[in-house]
file final_17.csv (CSV, C-alpha atoms)
chain,number,residue,atom,x,y,z
T,1,MET,CA,-13.8,60.7,-11.6
T,2,ASP,CA,-10.4,62.0,-10.5
T,3,LYS,CA,-10.7,60.5,-7.0
T,4,ASN,CA,-11.5,57.1,-8.4
T,5,ARG,CA,-8.4,57.3,-10.7
T,6,GLN,CA,-6.3,58.2,-7.7
T,7,LEU,CA,-7.7,55.3,-5.7
T,8,ALA,CA,-7.0,53.0,-8.6
T,9,ALA,CA,-3.4,54.2,-9.0
T,10,THR,CA,-2.8,53.8,-5.3
T,11,PHE,CA,-4.3,50.3,-5.3
T,12,ALA,CA,-2.2,49.3,-8.3
T,13,ALA,CA,0.9,50.6,-6.6
T,14,PHE,CA,0.0,48.7,-3.5
T,15,VAL,CA,-0.6,45.4,-5.3
T,16,GLY,CA,2.5,45.9,-7.4
T,17,GLY,CA,4.5,46.5,-4.2
T,18,VAL,CA,3.1,43.4,-2.5
T,19,ALA,CA,3.9,41.3,-5.6
T,20,MET,CA,7.4,42.6,-5.7
T,21,LEU,CA,7.9,42.0,-2.0
T,22,ARG,CA,6.7,38.4,-2.6
T,23,ALA,CA,8.9,37.8,-5.6
T,24,PHE,CA,12.1,39.4,-4.2
T,25,ASP,CA,13.6,38.8,-0.8
T,26,PRO,CA,14.7,42.2,0.6
T,27,ALA,CA,17.4,40.3,2.6
T,28,THR,CA,19.3,39.2,-0.6
T,29,SER,CA,17.9,40.9,-3.7
T,30,GLY,CA,19.2,44.5,-3.0
T,31,ILE,CA,16.4,46.1,-4.9
T,32,PHE,CA,14.7,47.3,-1.7
T,33,PRO,CA,16.3,50.3,-0.1
T,34,PRO,CA,17.9,49.7,3.4
T,35,CYS,CA,16.5,51.3,6.5
T,36,PRO,CA,17.8,54.9,6.4
T,37,VAL,CA,18.2,55.0,10.2
T,38,HIS,CA,20.3,51.8,10.2
T,39,TYR,CA,22.2,52.9,7.1
T,40,LEU,CA,23.1,56.3,8.7
T,41,THR,CA,23.6,55.3,12.4
T,42,GLY,CA,24.1,51.6,12.5
T,43,TRP,CA,21.2,51.3,15.0
T,44,TYR,CA,18.1,49.2,14.4
T,45,CYS,CA,14.9,51.2,14.3
T,46,PRO,CA,11.6,49.7,15.4
T,47,GLY,CA,10.8,49.0,11.7
T,48,CYS,CA,14.0,47.3,10.7
T,49,GLY,CA,13.3,43.9,9.3
T,50,SER,CA,9.7,44.7,8.5
T,51,LEU,CA,10.0,44.3,4.8
T,52,ARG,CA,11.9,41.0,5.2
T,53,ALA,CA,9.3,39.9,7.7
T,54,ILE,CA,6.4,40.6,5.3
T,55,HIS,CA,8.3,38.8,2.5
T,56,GLN,CA,8.5,35.7,4.8
T,57,LEU,CA,4.8,36.1,5.7
T,58,LEU,CA,3.8,36.2,2.0
T,59,HIS,CA,5.6,32.8,1.8
T,60,GLY,CA,3.8,31.6,4.9
T,61,ASP,CA,6.8,31.5,7.2
T,62,LEU,CA,5.5,32.9,10.4
T,63,ARG,CA,8.6,31.8,12.4
T,64,ALA,CA,11.0,33.6,10.2
T,65,ALA,CA,8.8,36.7,10.1
T,66,TRP,CA,8.5,36.7,13.9
T,67,ALA,CA,12.3,36.5,14.2
T,68,LEU,CA,12.8,39.4,11.7
T,69,ASN,CA,10.4,41.8,13.4
T,70,PRO,CA,7.9,40.6,16.0
T,71,LEU,CA,6.4,44.1,16.2
T,72,THR,CA,5.4,44.1,12.5
T,73,VAL,CA,3.9,40.6,12.8
T,74,ILE,CA,1.8,41.8,15.8
T,75,LEU,CA,0.7,45.1,14.2
T,76,LEU,CA,0.1,43.9,10.7
T,77,PRO,CA,-3.4,42.5,11.2
T,78,PHE,CA,-4.6,45.7,12.8
T,79,LEU,CA,-2.8,47.9,10.1
T,80,THR,CA,-4.4,45.8,7.4
T,81,TYR,CA,-7.9,46.3,9.0
T,82,GLY,CA,-7.2,50.0,9.3
T,83,LEU,CA,-6.2,50.3,5.7
T,84,ALA,CA,-9.2,48.3,4.6
T,85,SER,CA,-11.4,50.6,6.6
T,86,PHE,CA,-9.8,53.6,4.9
T,87,VAL,CA,-10.4,52.1,1.5
T,88,PHE,CA,-14.1,51.4,2.4
T,89,PHE,CA,-14.4,55.0,3.7
T,90,GLU,CA,-13.0,56.4,0.4
T,91,ILE,CA,-15.3,54.2,-1.7
T,92,ARG,CA,-18.6,54.3,0.2
T,93,GLY,CA,-18.1,57.1,2.6
T,94,GLN,CA,-18.2,54.8,5.6
T,95,GLY,CA,-15.3,52.9,7.1
T,96,LEU,CA,-15.4,49.5,8.9
T,97,PRO,CA,-16.5,49.6,12.5
T,98,GLN,CA,-13.6,50.8,14.7
T,99,PRO,CA,-13.4,51.1,18.4
T,100,SER,CA,-12.4,54.6,19.4
T,101,MET,CA,-9.0,54.1,21.1
T,102,ARG,CA,-8.4,56.1,24.3
T,103,ALA,CA,-5.6,58.5,24.0
T,104,GLY,CA,-3.7,56.7,26.7
T,105,TRP,CA,-3.7,53.5,24.7
T,106,ILE,CA,-2.2,55.3,21.7
T,107,ARG,CA,0.5,56.8,23.9
T,108,ALA,CA,1.2,53.3,25.3
T,109,LEU,CA,1.5,51.9,21.8
T,110,CYS,CA,3.9,54.8,20.9
T,111,GLY,CA,5.9,54.0,24.0
T,112,ALA,CA,6.0,50.3,23.1
T,113,ILE,CA,7.3,51.0,19.6
T,114,ILE,CA,10.0,53.3,21.0
T,115,LEU,CA,10.9,50.8,23.7
T,116,PHE,CA,11.1,48.0,21.2
T,117,GLY,CA,13.4,50.1,19.1
T,118,ILE,CA,15.7,50.7,22.1
T,119,MET,CA,15.6,47.1,23.3
T,120,ARG,CA,16.6,45.5,20.1
T,121,ASN,CA,19.8,47.6,20.1
T,122,LEU,CA,20.9,46.4,23.5
T,123,PRO,CA,23.8,44.0,23.3
T,124,VAL,CA,22.5,42.2,26.5
T,125,HIS,CA,21.2,38.7,26.3
T,126,PRO,CA,17.5,38.6,26.1
T,127,PHE,CA,17.3,41.9,24.2
T,128,GLU,CA,19.8,41.1,21.5
T,129,LEU,CA,17.3,38.4,20.3
T,130,LEU,CA,15.0,41.3,19.2
T,131,ALA,CA,17.5,42.4,16.5
T,132,PRO,CA,16.3,41.5,13.0
T,133,GLY,CA,16.7,37.8,12.5
T,134,ALA,CA,18.6,37.2,15.7
T,135,MET,CA,16.2,34.6,17.1
T,136,LEU,CA,16.8,32.2,14.2
T,137,GLY,CA,20.3,33.4,13.4
T,138,LEU,CA,19.0,34.7,10.0
A,1,MET,CA,-34.6,81.0,42.2
A,2,PHE,CA,-33.5,84.4,43.4
A,3,CYS,CA,-34.3,87.5,41.3
A,4,SER,CA,-31.2,89.0,39.9
A,5,GLN,CA,-32.6,92.5,40.4
A,6,CYS,CA,-34.1,92.6,43.9
A,7,GLY,CA,-32.9,89.3,45.3
A,8,ALA,CA,-36.4,88.1,46.2
A,9,ASN,CA,-36.9,84.3,46.3
A,10,ASN,CA,-39.2,83.1,43.6
A,11,ALA,CA,-40.5,79.7,42.6
A,12,ASP,CA,-38.2,78.0,40.1
A,13,THR,CA,-41.0,78.0,37.5
A,14,ALA,CA,-41.8,81.7,37.9
A,15,MET,CA,-41.7,83.7,34.7
A,16,VAL,CA,-41.5,87.1,36.4
A,17,CYS,CA,-40.3,88.2,39.9
A,18,ALA,CA,-43.2,88.4,42.4
A,19,GLN,CA,-41.7,91.4,44.0
A,20,CYS,CA,-40.2,93.6,41.3
A,21,GLY,CA,-41.7,92.1,38.1
A,22,ARG,CA,-38.4,91.5,36.4
A,23,ASN,CA,-38.5,88.9,33.7
A,24,LEU,CA,-36.8,85.9,35.3
A,25,GLN,CA,-36.6,83.7,32.1
A,26,ALA,CA,-34.3,86.2,30.3
A,27,VAL,CA,-31.8,86.4,33.2
A,28,THR,CA,-31.6,82.7,33.8
A,29,PRO,CA,-27.9,82.0,33.3
A,30,ALA,CA,-27.2,80.5,30.0
A,31,THR,CA,-25.9,76.9,30.0
A,32,PRO,CA,-22.2,77.2,30.7
A,33,LEU,CA,-20.0,77.0,27.5
A,34,GLN,CA,-17.7,74.4,28.9
A,35,PRO,CA,-16.2,72.1,26.3
A,36,THR,CA,-17.3,69.0,28.2
A,37,GLY,CA,-20.1,67.0,26.8
A,38,ILE,CA,-20.1,68.4,23.3
A,39,ILE,CA,-21.8,65.9,21.1
A,40,LEU,CA,-20.4,65.5,17.6
A,41,PRO,CA,-23.0,65.7,14.9
A,42,PRO,CA,-23.6,62.1,13.8
A,43,GLY,CA,-21.2,61.0,11.1
A,44,THR,CA,-18.6,63.5,12.0
A,45,THR,CA,-15.3,62.0,12.8
A,46,VAL,CA,-11.9,63.6,13.2
A,47,GLN,CA,-9.4,61.4,11.4
A,48,ASN,CA,-6.5,60.6,13.7
A,49,TYR,CA,-4.3,59.0,10.9
A,50,LEU,CA,-3.1,56.5,13.4
A,51,VAL,CA,-2.8,53.7,10.9
A,52,PHE,CA,-0.8,55.9,8.5
A,53,ALA,CA,1.4,57.1,11.4
A,54,ILE,CA,2.3,53.6,12.4
A,55,LEU,CA,2.7,52.5,8.8
A,56,THR,CA,5.2,55.3,8.1
A,57,THR,CA,7.0,54.7,11.4
A,58,VAL,CA,7.4,51.0,10.7
A,59,PHE,CA,7.8,50.9,6.9
A,60,CYS,CA,9.6,54.1,6.2
A,61,CYS,CA,11.8,53.3,9.1
A,62,LEU,CA,11.8,56.9,10.2
A,63,PRO,CA,11.6,58.6,13.6
A,64,THR,CA,9.4,61.3,12.0
A,65,GLY,CA,6.5,58.9,12.3
A,66,ILE,CA,6.6,59.2,16.1
A,67,PRO,CA,5.2,62.8,16.3
A,68,ALA,CA,2.5,61.6,14.0
A,69,ILE,CA,1.5,58.9,16.5
A,70,ILE,CA,1.6,61.4,19.4
A,71,TYR,CA,-0.6,63.8,17.5
A,72,ALA,CA,-3.0,60.9,16.7
A,73,ALA,CA,-3.2,60.3,20.5
A,74,GLN,CA,-3.9,64.0,20.9
A,75,VAL,CA,-6.8,63.8,18.4
A,76,ASN,CA,-8.5,61.1,20.4
A,77,GLY,CA,-7.7,62.7,23.8
A,78,LYS,CA,-9.2,66.1,22.7
A,79,LEU,CA,-12.2,64.4,21.2
A,80,GLN,CA,-12.8,62.6,24.6
A,81,ALA,CA,-12.6,66.0,26.3
A,82,GLY,CA,-15.1,67.4,23.7
A,83,ASP,CA,-12.5,69.8,22.2
A,84,VAL,CA,-13.4,69.3,18.6
A,85,ALA,CA,-11.5,72.3,17.3
A,86,GLY,CA,-8.3,71.2,19.1
A,87,ALA,CA,-8.8,67.7,17.8
A,88,GLN,CA,-9.0,69.1,14.3
A,89,ILE,CA,-5.7,71.0,14.7
A,90,ALA,CA,-4.0,67.8,16.1
A,91,SER,CA,-5.5,65.9,13.2
A,92,LYS,CA,-3.9,68.3,10.7
A,93,ASN,CA,-0.5,68.0,12.5
A,94,ALA,CA,-0.8,64.2,12.5
A,95,LYS,CA,-1.5,64.3,8.7
A,96,MET,CA,1.5,66.7,8.2
A,97,TRP,CA,3.9,64.4,10.0
A,98,CYS,CA,2.6,61.3,8.1
A,99,LEU,CA,3.2,63.2,4.8
A,100,ILE,CA,6.7,64.3,6.0
A,101,SER,CA,7.5,60.7,6.8
A,102,LEU,CA,6.1,59.4,3.5
A,103,GLY,CA,8.0,62.1,1.6
A,104,LEU,CA,11.2,61.3,3.3
A,105,GLY,CA,10.6,57.6,2.8
A,106,ILE,CA,10.0,58.1,-0.9
A,107,GLY,CA,13.0,60.4,-1.1
A,108,CYS,CA,15.2,57.8,0.5
A,109,MET,CA,13.9,55.2,-2.0
A,110,ALA,CA,14.6,57.5,-4.9
A,111,LEU,CA,18.1,58.3,-3.6
A,112,TYR,CA,18.8,54.6,-3.2
A,113,ALA,CA,17.6,54.0,-6.8
A,114,ILE,CA,19.8,56.8,-8.1
A,115,LEU,CA,22.8,55.4,-6.2
A,116,ILE,CA,22.3,51.9,-7.5
A,117,MET,CA,22.0,53.3,-11.1
A,118,VAL,CA,25.2,55.3,-10.6
A,119,GLY,CA,26.9,52.3,-9.2
A,120,VAL,CA,25.8,50.1,-12.1
A,121,LEU,CA,26.8,52.7,-14.7
A,122,SER,CA,30.2,53.2,-13.1
A,123,GLY,CA,30.6,49.4,-12.9
A,124,ILE,CA,29.9,49.2,-16.6
A,125,HIS,CA,32.3,52.1,-17.2
A,126,GLN,CA,35.2,50.4,-15.2
A,127,ASN,CA,34.7,47.1,-16.9
A,128,ARG,CA,35.3,48.5,-20.4
call {"tool": "encode", "arguments": {"input": "final_17.csv", "output": "structure tokens"}}
result
Amino acid sequence: MDKNRQLAATFAAFVGGVAMLRAFDPATSGIFPPCPVHYLTGWYCPGCGSLRAIHQLLHGDLRAAWALNPLTVILLPFLTYGLASFVFFEIRGQGLPQPSMRAGWIRALCGAIILFGIMRNLPVHPFELLAPGAMLGL
Amino acid sequence: MFCSQCGANNADTAMVCAQCGRNLQAVTPATPLQPTGIILPPGTTVQNYLVFAILTTVFCCLPTGIPAIIYAAQVNGKLQAGDVAGAQIASKNAKMWCLISLGLGIGCMALYAILIMVGVLSGIHQNR
């Protein structure tokens, strides 16, 4: 079936991406593109450091991952569950059980992501630690 | 209940007005068509694409993921209010912004790959 083929291709790309991310460190290898926002503006976006953080997580280094992007470390389990649910939905027509989030919670999450993006650019003491790698001087 | 034709007070269970004979069942006001309390058919969900919205925001590093998250919030908000049609529109918008983010992300990756290749080629050229 066409849909199965699509799913298989997506899954293969996903596994390939994860394998590449484990094999090559985005901080040093240069094969992963830089964050376009940081490249164009010099500002850190809420996602800056997420690839490096996942690379560290794939090697079991939670400390380094946290220093690179704490937001990614916090959100990753939920995102993984959500993605798994989506895959289940595509395969058997029913996803994993999910609580229906109130709209206010989603807006709060959106605000938290934006706030995190602003805070990590502030050159003031506690906030500057949120810049990618700043906590460990990476 | 009061008869809508002559105004006589009838028992709530009366089928016809005791005074003028008007059919009371037909003139009972229909249940108001307010959007509150619409129950979705079981199994119907309106996808809010929240996971993809956050993924594209965080991994494509793009601000275009933010409207996708806001539309995702709108989907759930409208569903709570019983506005299924509105939720479906918001769902479409959320999907659109996810796809825009994904496209831009892939575009940036492709651009980066081209730049690297050009850089490598020119490096080879200069070293000759």
call {"tool": "closest_residue", "arguments": {"input": "final_17.csv", "among": "A:Cys3, A:Met15, A:Ala94, A:Val51", "to": "T:Phe86", "atoms": "all atoms listed in the file"}}
result
A:Val51
call {"tool": "closest_residue", "arguments": {"input": "final_17.csv", "among": "T:Ile91, T:Ala8, T:Ala27, T:Ile114", "to": "chain A", "atoms": "only C-alpha atoms"}}
result
T:Ile114
call {"tool": "closest_atom_pairs", "arguments": {"input": "final_17.csv", "of": "chain T", "to": "chain A", "cutoff": "10 Å", "atoms": "all atoms listed in the file", "output": "CSV"}}
result
residue,atom,partner,partner_atom,distance
T:Gly30,CA,A:Ile116,CA,9.2
T:Ile31,CA,A:Ala113,CA,8.2
T:Phe32,CA,A:Met109,CA,7.9
T:Pro33,CA,A:Met109,CA,5.8
T:Pro34,CA,A:Tyr112,CA,8.3
T:Cys35,CA,A:Cys61,CA,5.7
T:Pro36,CA,A:Cys61,CA,6.8
T:Val37,CA,A:Leu62,CA,6.7
T:His38,CA,A:Cys61,CA,8.7
T:Tyr44,CA,A:Cys61,CA,9.2
T:Cys45,CA,A:Cys61,CA,6.4
T:Pro46,CA,A:Val58,CA,6.4
T:Gly47,CA,A:Val58,CA,4.1
T:Cys48,CA,A:Cys61,CA,6.6
T:Gly49,CA,A:Phe59,CA,9.2
T:Ser50,CA,A:Phe59,CA,6.7
T:Leu51,CA,A:Phe59,CA,7.3
T:Leu71,CA,A:Val58,CA,8.9
T:Thr72,CA,A:Val58,CA,7.4
T:Leu75,CA,A:Ile54,CA,8.8
T:Leu76,CA,A:Leu55,CA,9.2
T:Phe78,CA,A:Val51,CA,8.4
T:Leu79,CA,A:Val51,CA,5.9
T:Thr80,CA,A:Val51,CA,8.8
T:Tyr81,CA,A:Val51,CA,9.2
T:Gly82,CA,A:Val51,CA,6.0
T:Leu83,CA,A:Val51,CA,7.1
T:Phe86,CA,A:Val51,CA,9.2
T:Gly93,CA,A:Gly43,CA,9.9
T:Gln94,CA,A:Gly43,CA,8.8
T:Ser100,CA,A:Asn76,CA,7.6
T:Met101,CA,A:Asn76,CA,7.1
T:Arg102,CA,A:Asn76,CA,6.3
T:Ala103,CA,A:Ala73,CA,4.6
T:Gly104,CA,A:Ala73,CA,7.2
T:Trp105,CA,A:Ala73,CA,8.0
T:Ile106,CA,A:Ala73,CA,5.2
T:Arg107,CA,A:Ala73,CA,6.1
T:Ala108,CA,A:Ala73,CA,9.6
T:Leu109,CA,A:Ile69,CA,8.8
T:Cys110,CA,A:Ile69,CA,6.5
T:Gly111,CA,A:Ile66,CA,9.5
T:Ile113,CA,A:Val58,CA,8.9
T:Ile114,CA,A:Ile66,CA,8.4
call {"tool": "closest_residue", "arguments": {"input": "final_17.csv", "among": "A:Ile106, A:Leu115, A:Gln47, A:Ile124", "to": "A:Asn93", "atoms": "only C-alpha atoms"}}
result
A:Gln47
call {"tool": "closest_residue", "arguments": {"input": "final_17.csv", "among": "T:Leu21, T:Leu58, T:Leu129, T:Leu7", "to": "T:Val87", "atoms": "all atoms listed in the file"}}
result
T:Leu7
